[in-house]
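Novice: My structure file my_file25.cif, mmCIF, C-alpha atoms (C1' of nucleotides), is below:
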data_data
#
loop_
_atom_site.label_atom_id
_atom_site.label_comp_id
_atom_site.auth_asym_id
_atom_site.auth_seq_id
_atom_site.Cartn_x
_atom_site.Cartn_y
_atom_site.Cartn_z
CA MET X 1 -63.29 -25.81 18.84
CA ARG X 2 -61.94 -26.06 22.36
CA ILE X 3 -58.25 -26.91 22.74
CA ALA X 4 -56.68 -27.61 26.13
CA THR X 5 -53.14 -28.16 27.35
CA PHE X 6 -52.28 -30.00 30.57
CA ASN X 7 -48.93 -31.10 32.02
CA ILE X 8 -50.17 -34.18 33.87
CA ASN X 9 -46.86 -35.25 35.50
CA GLY X 10 -47.19 -38.95 34.81
CA VAL X 11 -50.13 -40.61 33.06
CA LYS X 12 -50.03 -43.70 35.27
CA ALA X 13 -50.31 -41.74 38.52
CA ARG X 14 -52.71 -39.17 37.04
CA LEU X 15 -55.11 -41.33 35.02
CA PRO X 16 -58.14 -40.92 37.36
CA VAL X 17 -57.64 -37.13 37.41
CA VAL X 18 -57.23 -37.00 33.63
CA LEU X 19 -60.30 -39.16 32.94
CA ASP X 20 -62.46 -37.08 35.31
CA TRP X 21 -61.21 -33.86 33.71
CA LEU X 22 -61.80 -35.10 30.14
CA GLY X 23 -65.32 -36.13 31.11
CA GLU X 24 -66.12 -32.76 32.68
CA ALA X 25 -64.28 -30.28 30.45
CA ALA X 26 -64.69 -32.38 27.30
CA PRO X 27 -62.19 -30.42 25.18
CA ASP X 28 -62.21 -31.24 21.47
CA VAL X 29 -58.42 -31.47 21.61
CA ALA X 30 -56.24 -32.11 24.67
CA LEU X 31 -52.47 -31.69 24.52
CA LEU X 32 -50.75 -33.59 27.32
CA GLN X 33 -47.20 -33.17 28.55
CA GLU X 34 -45.00 -35.24 30.86
CA ILE X 35 -46.88 -38.44 30.21
CA LYS X 36 -43.72 -40.21 31.47
CA SER X 37 -44.75 -43.28 29.52
CA THR X 38 -43.73 -45.22 26.47
CA ASP X 39 -46.20 -45.35 23.59
CA GLU X 40 -46.84 -49.03 24.39
CA ALA X 41 -47.63 -48.40 28.08
CA PHE X 42 -49.92 -45.42 27.46
CA PRO X 43 -53.48 -46.23 28.67
CA ARG X 44 -55.10 -45.42 25.34
CA GLY X 45 -58.10 -47.70 25.82
CA GLU X 46 -59.58 -45.77 28.75
CA ILE X 47 -59.19 -42.51 26.84
CA GLU X 48 -60.56 -43.88 23.59
CA ASP X 49 -63.62 -45.00 25.54
CA LEU X 50 -64.32 -41.29 26.17
CA GLY X 51 -64.40 -40.65 22.43
CA TYR X 52 -60.83 -39.52 21.80
CA ARG X 53 -58.34 -40.48 19.19
CA VAL X 54 -54.91 -40.85 20.78
CA GLU X 55 -51.51 -39.96 19.31
CA THR X 56 -48.48 -40.23 21.59
CA HIS X 57 -44.80 -39.42 21.42
CA GLY X 58 -43.60 -41.23 24.50
CA GLN X 59 -40.36 -41.97 26.31
CA LYS X 60 -39.57 -44.25 29.21
CA GLY X 61 -39.62 -42.53 32.58
CA PHE X 62 -39.37 -38.89 31.52
CA ASN X 63 -40.97 -36.31 29.25
CA GLY X 64 -43.45 -37.56 26.64
CA VAL X 65 -46.32 -35.71 24.93
CA ALA X 66 -49.68 -36.71 23.52
CA ILE X 67 -52.55 -35.36 21.46
CA LEU X 68 -56.10 -36.48 22.25
CA SER X 69 -58.81 -35.44 19.80
CA LYS X 70 -62.51 -35.99 19.30
CA LEU X 71 -62.02 -34.94 15.68
CA PRO X 72 -59.90 -36.73 13.06
CA LEU X 73 -56.16 -36.05 13.13
CA GLU X 74 -54.01 -35.84 10.02
CA ASP X 75 -50.31 -35.41 9.25
CA VAL X 76 -49.09 -36.31 12.74
CA ARG X 77 -45.42 -35.44 13.27
CA ARG X 78 -43.30 -36.41 16.24
CA GLY X 79 -40.19 -34.63 17.46
CA LEU X 80 -38.84 -31.10 17.05
CA PRO X 81 -36.69 -30.88 13.89
CA GLY X 82 -33.16 -29.56 13.89
CA ASP X 83 -31.15 -32.10 15.90
CA ALA X 84 -31.19 -35.74 14.84
CA GLY X 85 -29.38 -36.67 18.06
CA ASP X 86 -32.09 -35.29 20.35
CA GLU X 87 -33.87 -38.27 21.91
CA GLN X 88 -36.11 -36.37 24.30
CA ALA X 89 -39.84 -36.65 23.48
CA ARG X 90 -41.10 -33.09 23.80
CA TRP X 91 -42.92 -32.18 20.57
CA ILE X 92 -45.90 -33.49 18.63
CA GLU X 93 -47.90 -31.91 15.80
CA ALA X 94 -51.13 -32.75 14.02
CA SER X 95 -53.83 -31.15 11.91
CA VAL X 96 -57.30 -31.31 13.42
CA GLY X 97 -60.00 -31.95 10.84
CA GLY X 98 -63.07 -29.80 10.48
CA ALA X 99 -64.56 -27.11 8.29
CA LEU X 100 -61.32 -25.19 8.74
CA PRO X 101 -58.35 -27.39 9.70
CA VAL X 102 -56.27 -26.24 12.67
CA ARG X 103 -52.62 -27.19 13.06
CA VAL X 104 -51.91 -27.99 16.71
CA VAL X 105 -48.56 -28.48 18.42
CA GLY X 106 -48.16 -29.96 21.89
CA LEU X 107 -44.82 -29.08 23.44
CA TYR X 108 -42.86 -29.66 26.62
CA LEU X 109 -40.05 -27.15 26.62
CA PRO X 110 -36.90 -28.11 28.59
CA ASN X 111 -36.70 -26.87 32.18
CA GLY X 112 -33.08 -25.76 31.82
CA ASN X 113 -31.95 -25.90 35.44
CA PRO X 114 -29.34 -25.65 36.72
CA ALA X 115 -28.27 -22.51 34.87
CA PRO X 116 -25.69 -21.94 33.62
CA GLY X 117 -24.81 -25.42 32.42
CA PRO X 118 -25.49 -28.01 29.72
CA LYS X 119 -29.18 -28.25 30.57
CA PHE X 120 -29.60 -24.51 30.14
CA ASP X 121 -27.69 -24.65 26.85
CA TYR X 122 -30.07 -27.42 25.72
CA LYS X 123 -33.06 -25.27 26.62
CA LEU X 124 -31.84 -22.27 24.63
CA ASP X 125 -30.84 -24.44 21.69
CA TRP X 126 -34.26 -26.11 21.78
CA MET X 127 -35.96 -22.71 21.74
CA ALA X 128 -33.89 -21.67 18.71
CA ARG X 129 -34.95 -24.89 16.93
CA MET X 130 -38.54 -24.18 17.90
CA ARG X 131 -38.34 -20.74 16.35
CA ALA X 132 -37.09 -22.25 13.08
CA ARG X 133 -40.01 -24.70 13.01
CA VAL X 134 -42.44 -21.91 13.93
CA ALA X 135 -41.22 -19.90 10.94
CA GLU X 136 -42.04 -22.84 8.66
CA LEU X 137 -45.48 -23.30 10.21
CA LEU X 138 -46.30 -19.57 10.08
CA ALA X 139 -45.44 -19.53 6.38
CA LEU X 140 -48.40 -21.84 5.80
CA GLU X 141 -50.68 -18.97 6.87
CA GLU X 142 -53.12 -21.33 8.58
CA PRO X 143 -54.72 -21.37 12.04
CA LEU X 144 -51.94 -22.68 14.28
CA VAL X 145 -51.96 -23.32 18.03
CA LEU X 146 -48.73 -24.11 19.89
CA ALA X 147 -49.62 -25.02 23.47
CA GLY X 148 -47.92 -26.71 26.35
CA ASP X 149 -45.49 -26.36 29.21
CA TYR X 150 -43.08 -23.66 28.03
CA ASN X 151 -41.10 -23.60 31.29
CA VAL X 152 -40.81 -19.82 30.88
CA ILE X 153 -42.16 -17.13 33.21
CA PRO X 154 -42.62 -14.34 30.67
CA GLN X 155 -42.92 -11.34 33.02
CA ARG X 156 -42.63 -10.43 36.70
CA GLU X 157 -46.42 -10.46 37.07
CA ASP X 158 -46.40 -14.11 36.04
CA ALA X 159 -44.89 -15.13 39.41
CA ALA X 160 -46.30 -14.59 42.89
CA ARG X 161 -42.76 -14.09 44.22
CA PRO X 162 -40.62 -13.13 41.20
CA GLU X 163 -37.56 -12.42 43.35
CA LYS X 164 -37.39 -16.14 44.19
CA TRP X 165 -37.00 -16.97 40.49
CA ALA X 166 -34.31 -14.43 39.61
CA GLU X 167 -31.57 -17.07 39.16
CA ASP X 168 -33.87 -19.79 37.81
CA ALA X 169 -33.75 -21.00 34.20
CA LEU X 170 -37.51 -20.35 33.95
CA PHE X 171 -37.03 -16.61 34.53
CA LEU X 172 -33.49 -15.79 33.38
CA PRO X 173 -33.25 -13.02 30.77
CA GLU X 174 -32.07 -15.44 28.05
CA SER X 175 -35.16 -17.64 28.48
CA ARG X 176 -37.52 -14.70 28.50
CA ALA X 177 -35.82 -13.17 25.47
CA ALA X 178 -36.16 -16.43 23.55
CA PHE X 179 -39.86 -16.52 24.45
CA ARG X 180 -40.26 -12.92 23.26
CA ARG X 181 -38.58 -13.86 19.98
CA LEU X 182 -41.43 -16.32 19.37
CA LEU X 183 -43.89 -13.47 19.83
CA HIS X 184 -41.87 -11.18 17.60
CA ALA X 185 -41.90 -13.88 14.93
CA GLY X 186 -45.64 -13.35 14.70
CA LEU X 187 -47.28 -15.41 17.45
CA THR X 188 -49.84 -14.08 19.93
CA GLU X 189 -50.12 -15.31 23.50
CA ALA X 190 -53.77 -16.38 23.85
CA PHE X 191 -54.16 -15.88 27.60
CA ARG X 192 -52.87 -12.32 27.61
CA THR X 193 -55.36 -11.21 24.99
CA VAL X 194 -58.13 -12.24 27.40
CA GLU X 195 -56.62 -11.46 30.83
CA PRO X 196 -53.88 -8.80 31.07
CA GLY X 197 -53.68 -8.63 34.86
CA PRO X 198 -51.42 -10.24 37.48
CA GLY X 199 -52.11 -13.20 39.75
CA HIS X 200 -52.82 -15.90 37.18
CA TYR X 201 -50.75 -19.06 37.49
CA THR X 202 -50.63 -22.55 36.00
CA PHE X 203 -48.05 -24.24 38.29
CA TRP X 204 -47.62 -24.53 42.02
CA ASP X 205 -44.69 -26.56 43.35
CA TYR X 206 -45.51 -29.64 45.42
CA GLN X 207 -42.99 -28.39 47.99
CA ALA X 208 -43.39 -25.95 50.84
CA GLY X 209 -47.17 -25.62 50.52
CA ALA X 210 -46.96 -23.50 47.37
CA TRP X 211 -50.63 -24.03 46.46
CA GLU X 212 -51.92 -23.18 49.94
CA LYS X 213 -49.75 -20.04 49.98
CA GLY X 214 -50.78 -18.94 46.49
CA ASN X 215 -47.14 -19.16 45.44
CA GLY X 216 -47.60 -19.97 41.76
CA ILE X 217 -46.07 -19.19 38.39
CA ARG X 218 -47.53 -18.97 34.88
CA ILE X 219 -45.47 -21.22 32.61
CA ASP X 220 -48.09 -23.07 30.52
CA HIS X 221 -48.96 -21.05 27.44
CA ALA X 222 -50.82 -21.16 24.13
CA LEU X 223 -49.33 -19.21 21.22
CA LEU X 224 -51.39 -18.49 18.11
CA SER X 225 -50.71 -17.68 14.49
CA PRO X 226 -52.51 -14.54 13.23
CA GLN X 227 -55.09 -16.79 11.54
CA ALA X 228 -55.80 -18.51 14.88
CA ALA X 229 -55.72 -15.28 16.90
CA ASP X 230 -58.49 -13.91 14.68
CA LEU X 231 -60.63 -16.90 15.72
CA LEU X 232 -59.95 -16.70 19.48
CA ARG X 233 -63.10 -16.51 21.59
CA ASP X 234 -61.82 -17.23 25.08
CA CYS X 235 -58.88 -18.57 27.07
CA ARG X 236 -58.91 -19.69 30.72
CA ILE X 237 -56.83 -21.43 33.38
CA GLU X 238 -58.51 -24.26 35.33
CA ALA X 239 -56.79 -23.46 38.63
CA ALA X 240 -59.31 -25.37 40.77
CA LEU X 241 -57.85 -28.70 39.64
CA ARG X 242 -54.76 -27.98 41.72
CA GLY X 243 -56.85 -28.34 44.89
CA ARG X 244 -58.12 -31.83 44.14
CA ASP X 245 -56.79 -35.17 45.41
CA LYS X 246 -53.56 -36.39 43.83
CA PRO X 247 -53.21 -33.31 41.60
CA SER X 248 -50.58 -32.59 39.00
CA ASP X 249 -48.37 -29.64 39.94
CA HIS X 250 -49.72 -27.97 36.74
CA VAL X 251 -53.34 -27.18 35.85
CA PRO X 252 -55.04 -27.12 32.44
CA LEU X 253 -55.17 -24.08 30.19
CA TRP X 254 -57.87 -24.05 27.51
CA LEU X 255 -58.87 -21.84 24.63
CA GLU X 256 -61.89 -21.64 22.38
CA LEU X 257 -61.62 -20.97 18.65
CA ALA X 258 -64.59 -19.92 16.51
CA VAL X 259 -64.19 -22.92 14.21
"C1'" DA V 260 -30.14 -20.53 54.79
"C1'" DT V 261 -32.26 -24.69 54.22
"C1'" DG V 262 -35.52 -28.05 53.10
"C1'" DG V 263 -39.55 -28.92 51.73
"C1'" DT V 264 -42.79 -33.07 47.65
"C1'" DA V 265 -43.86 -36.04 43.79
"C1'" DG V 266 -43.12 -39.56 39.98
"C1'" DC V 267 -40.60 -43.13 37.92
"C1'" DT V 268 -37.81 -46.64 39.04
"C1'" DG V 269 -35.46 -49.69 41.47
"C1'" DC V 270 -31.96 -45.33 44.86
"C1'" DG V 271 -30.70 -41.53 41.91
"C1'" DC V 272 -32.60 -38.27 38.61
"C1'" DT V 273 -35.77 -34.81 37.22
"C1'" DA V 274 -38.63 -31.19 38.27
#
Taking this structure as input, can you express it in the form of C-alpha cells?

Specialist:
Amino acid sequence: MRIATFNINGVKARLPVVLDWLGEAAPDVALLQEIKSTDEAFPRGEIEDLGYRVETHGQKGFNGVAILSKLPLEDVRRGLPGDAGDEQARWIEASVGGALPVRVVGLYLPNGNPAPGPKFDYKLDWMARMRARVAELLALEEPLVLAGDYNVIPQREDAARPEKWAEDALFLPESRAAFRRLLHAGLTEAFRTVEPGPGHYTFWDYQAGAWEKGNGIRIDHALLSPQAADLLRDCRIEAALRGRDKPSDHVPLWLELAV
DNA sequence: ATGGTAGCTGCGCTA
C-alpha cells in the first residue's frame, strides 16, 4: 500500500497539478493539506473519475484537509479532539480497508508564527492535543500512519540555512521538543529510517528564488506506529514537482507499506 | 536590513 502526503496550497489553483500527479504516482491513499476549500466547493468529481474515494474536512479560505483513497474508507473522523472551540480544519482520520486495515491521519499542524504570541501558543497547545490523540491511537496496537505538514524542522540538517530559521516557530526549541515527544511516545519517522543524511527538503518558499537556490526545509513528515514501521518498505520525497509550472510550495512525500 | 511570492478574497490575512 502506497500512502502519500501533499500540501497542495489551494485545491482550486492546484487542481491540474494534483490530477497529473495522481495519474502518474497513483498512490493508494493521498492525504492533502491546505485545500483552502469548503467541502461543498471541493472538486470531488474530477478526483473520483481517477478512481478515488474522497473525504474532506474543509474550511472557507484557509486550512482544510482531505483523504483520497482507491480502497474503501471506514470510521472517518474529522477534527483533532481536545478543544471544542477549535474551528480550524487541520485533522482527518480514516481506516483504509484491506487484508490488514491501516489507520491513516492527515494533518496540517499550525505554523505558529509570529513567536512568541497567541499563534505560537495555539501551535504548542495543538501539539499537546495531538500527543493525547496519538496515545489513544497507539493503544490500539494497529498499523497507524500520521502524515502531513507538521510545520516543524526537526533538526539542523533539515534546513539548507538553519541559521535563518533560528527565531522561527518552525525551528524554535519548543516546537522541536514537542515533535520529539511524539517520537518518544512511540512513533517512528518514516523518512529517516530510509534516508539519514542531510539535504532532503519538502518545502521551498515562493519568495526570493528559494527553489532555484536550493534553500529548502523538511517539514512534511510521516510518523508510524510500531506495527506500521515493521511494514515499511520505502519512503521518498518527490522534489521534482517543485520545478513544474504553477507548483505548490510543498512537494509530496510517499511511503510504501508491505500490506 | 529589507523585500521578495502565492492563494483566497474582495484589500488584508496567512504562509

Novice: Using all atoms listed in the file, determine which residues of chain X fall within 9 Å of chain V; present them as a VMD selection string.

Specialist: chain X and resid 9 to 10 13 36 60 to 62 111 113 205 to 209 248 to 249

Novice: What does the file look like for those residues with C-alpha atoms, as a compact mmCIF listing (two decimals), in the frame of the given file?

Specialist:
# COMPACT_ATOMS: atom_id res chain seq x y z
CA ASN X 9 -46.86 -35.25 35.50
CA GLY X 10 -47.19 -38.95 34.81
CA ALA X 13 -50.31 -41.74 38.52
CA LYS X 36 -43.72 -40.21 31.47
CA LYS X 60 -39.57 -44.25 29.21
CA GLY X 61 -39.62 -42.53 32.58
CA PHE X 62 -39.37 -38.89 31.52
CA ASN X 111 -36.70 -26.87 32.18
CA ASN X 113 -31.95 -25.90 35.44
CA ASP X 205 -44.69 -26.56 43.35
CA TYR X 206 -45.51 -29.64 45.42
CA GLN X 207 -42.99 -28.39 47.99
CA ALA X 208 -43.39 -25.95 50.84
CA GLY X 209 -47.17 -25.62 50.52
CA SER X 248 -50.58 -32.59 39.00
CA ASP X 249 -48.37 -29.64 39.94

Novice: On this structure, which residues satisfy the PyMOL selection byres ((chain X and resi 129-139) around 7), written as a list of chain:residue names?

Specialist: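 After applying the PyMOL selection byres ((chain X and resi 129-139) around 7), what remains is X:Leu80, X:Pro81, X:Gly82, X:Asp125, X:Trp126, X:Met127, X:Ala128, X:Leu140, X:Glu141, X:Leu182, X:Ser225.
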
Novice: Would you kindly translate the PyMOL selection byres ((chain X and resi 56) around 8) into the concrete residues it picks from this file, as a PyMOL selection string?

Specialist: chain X and resi 39+42+54-55+57-58+64-67+92

Novice: Applied to this file, what does the PyMOL selection byres ((chain X and resi 14) around 12) return in terms of residues, put as a PyMOL selection string?

Specialist: (chain X and resi 6-13+15-21+32-37+42-43+241+244-250) or (chain V and resi 265-266)

Novice: Please list as number ranges by chain every residue within 8 Å of Asn151 of chain X, counting all atoms listed in the file and excluding residues in the same chain fewer than 2 positions away.

Specialist: X: 108-111, 149, 153, 170, 219-220

Novice: Between X:Val104, X:Tyr52, X:Phe203, X:Leu232, which one has atoms that come closest to Val251 of chain X, using only C-alpha atoms?

Specialist: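 Closest to Val251 of chain X of all the choices is X:Phe203.
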
Novice: Could you jot down the atom CA of Ala159 of chain X to atom CA of Tyr201 of chain X separation for me, Å, one decimal place?

Specialist: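 That distance, rounded to one decimal, is 7.3 Å.
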
Novice: Could you check how far atom CA of Ile237 of chain X sits from atom CA of Trp211 of chain X, in Å to one decimal?

Specialist: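 Taking atom CA of Ile237 of chain X as the start and atom CA of Trp211 of chain X as the end point, the length is 14.7 Å.
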
Novice: Can you work out the spacing between atom CA of Leu224 of chain X and atom CA of Gln59 of chain X in Å, to one decimal?

Specialist: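 Spanning atom CA of Leu224 of chain X to atom CA of Gln59 of chain X is a straight-line distance of 27.2 Å.
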
Novice: Determine, counting only C-alpha atoms (C1' of nucleotides), which protein, DNA and RNA residues have an atom within 12 Å of an atom of Lys70 of chain X; residues of the same chain fewer than 2 positions away are not included. Present the result as a ChimeraX atom specification.

Specialist: /X:1-3,22,26-30,47-55,67-68,72-73,96-98

Novice: Pull C-alpha atoms from the residues just selected and write them as a PDB file, in the frame of the given file.

Specialist:
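Here's the written file part08.pdb:
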ATOM      1  CA  MET X   1     -63.290 -25.810  18.840  1.00  0.00           C
ATOM      2  CA  ARG X   2     -61.940 -26.060  22.360  1.00  0.00           C
ATOM      3  CA  ILE X   3     -58.250 -26.910  22.740  1.00  0.00           C
ATOM      4  CA  LEU X  22     -61.800 -35.100  30.140  1.00  0.00           C
ATOM      5  CA  ALA X  26     -64.690 -32.380  27.300  1.00  0.00           C
ATOM      6  CA  PRO X  27     -62.190 -30.420  25.180  1.00  0.00           C
ATOM      7  CA  ASP X  28     -62.210 -31.240  21.470  1.00  0.00           C
ATOM      8  CA  VAL X  29     -58.420 -31.470  21.610  1.00  0.00           C
ATOM      9  CA  ALA X  30     -56.240 -32.110  24.670  1.00  0.00           C
ATOM     10  CA  ILE X  47     -59.190 -42.510  26.840  1.00  0.00           C
ATOM     11  CA  GLU X  48     -60.560 -43.880  23.590  1.00  0.00           C
ATOM     12  CA  ASP X  49     -63.620 -45.000  25.540  1.00  0.00           C
ATOM     13  CA  LEU X  50     -64.320 -41.290  26.170  1.00  0.00           C
ATOM     14  CA  GLY X  51     -64.400 -40.650  22.430  1.00  0.00           C
ATOM     15  CA  TYR X  52     -60.830 -39.520  21.800  1.00  0.00           C
ATOM     16  CA  ARG X  53     -58.340 -40.480  19.190  1.00  0.00           C
ATOM     17  CA  VAL X  54     -54.910 -40.850  20.780  1.00  0.00           C
ATOM     18  CA  GLU X  55     -51.510 -39.960  19.310  1.00  0.00           C
ATOM     19  CA  ILE X  67     -52.550 -35.360  21.460  1.00  0.00           C
ATOM     20  CA  LEU X  68     -56.100 -36.480  22.250  1.00  0.00           C
ATOM     21  CA  PRO X  72     -59.900 -36.730  13.060  1.00  0.00           C
ATOM     22  CA  LEU X  73     -56.160 -36.050  13.130  1.00  0.00           C
ATOM     23  CA  VAL X  96     -57.300 -31.310  13.420  1.00  0.00           C
ATOM     24  CA  GLY X  97     -60.000 -31.950  10.840  1.00  0.00           C
ATOM     25  CA  GLY X  98     -63.070 -29.800  10.480  1.00  0.00           C
TER      26      GLY X  98
END

Novice: Once 4 Å is added on each side, what are the centre and the three edge lengths, in Å to one decimal, of the axis-aligned box enclosing the listed atoms of segment 232-240 of chain X? Present them as lines of an AutoDock Vina configuration file.

Specialist:
center_x = -59.9
center_y = -20.9
center_z = 30.1
size_x = 14.3
size_y = 16.9
size_z = 29.3
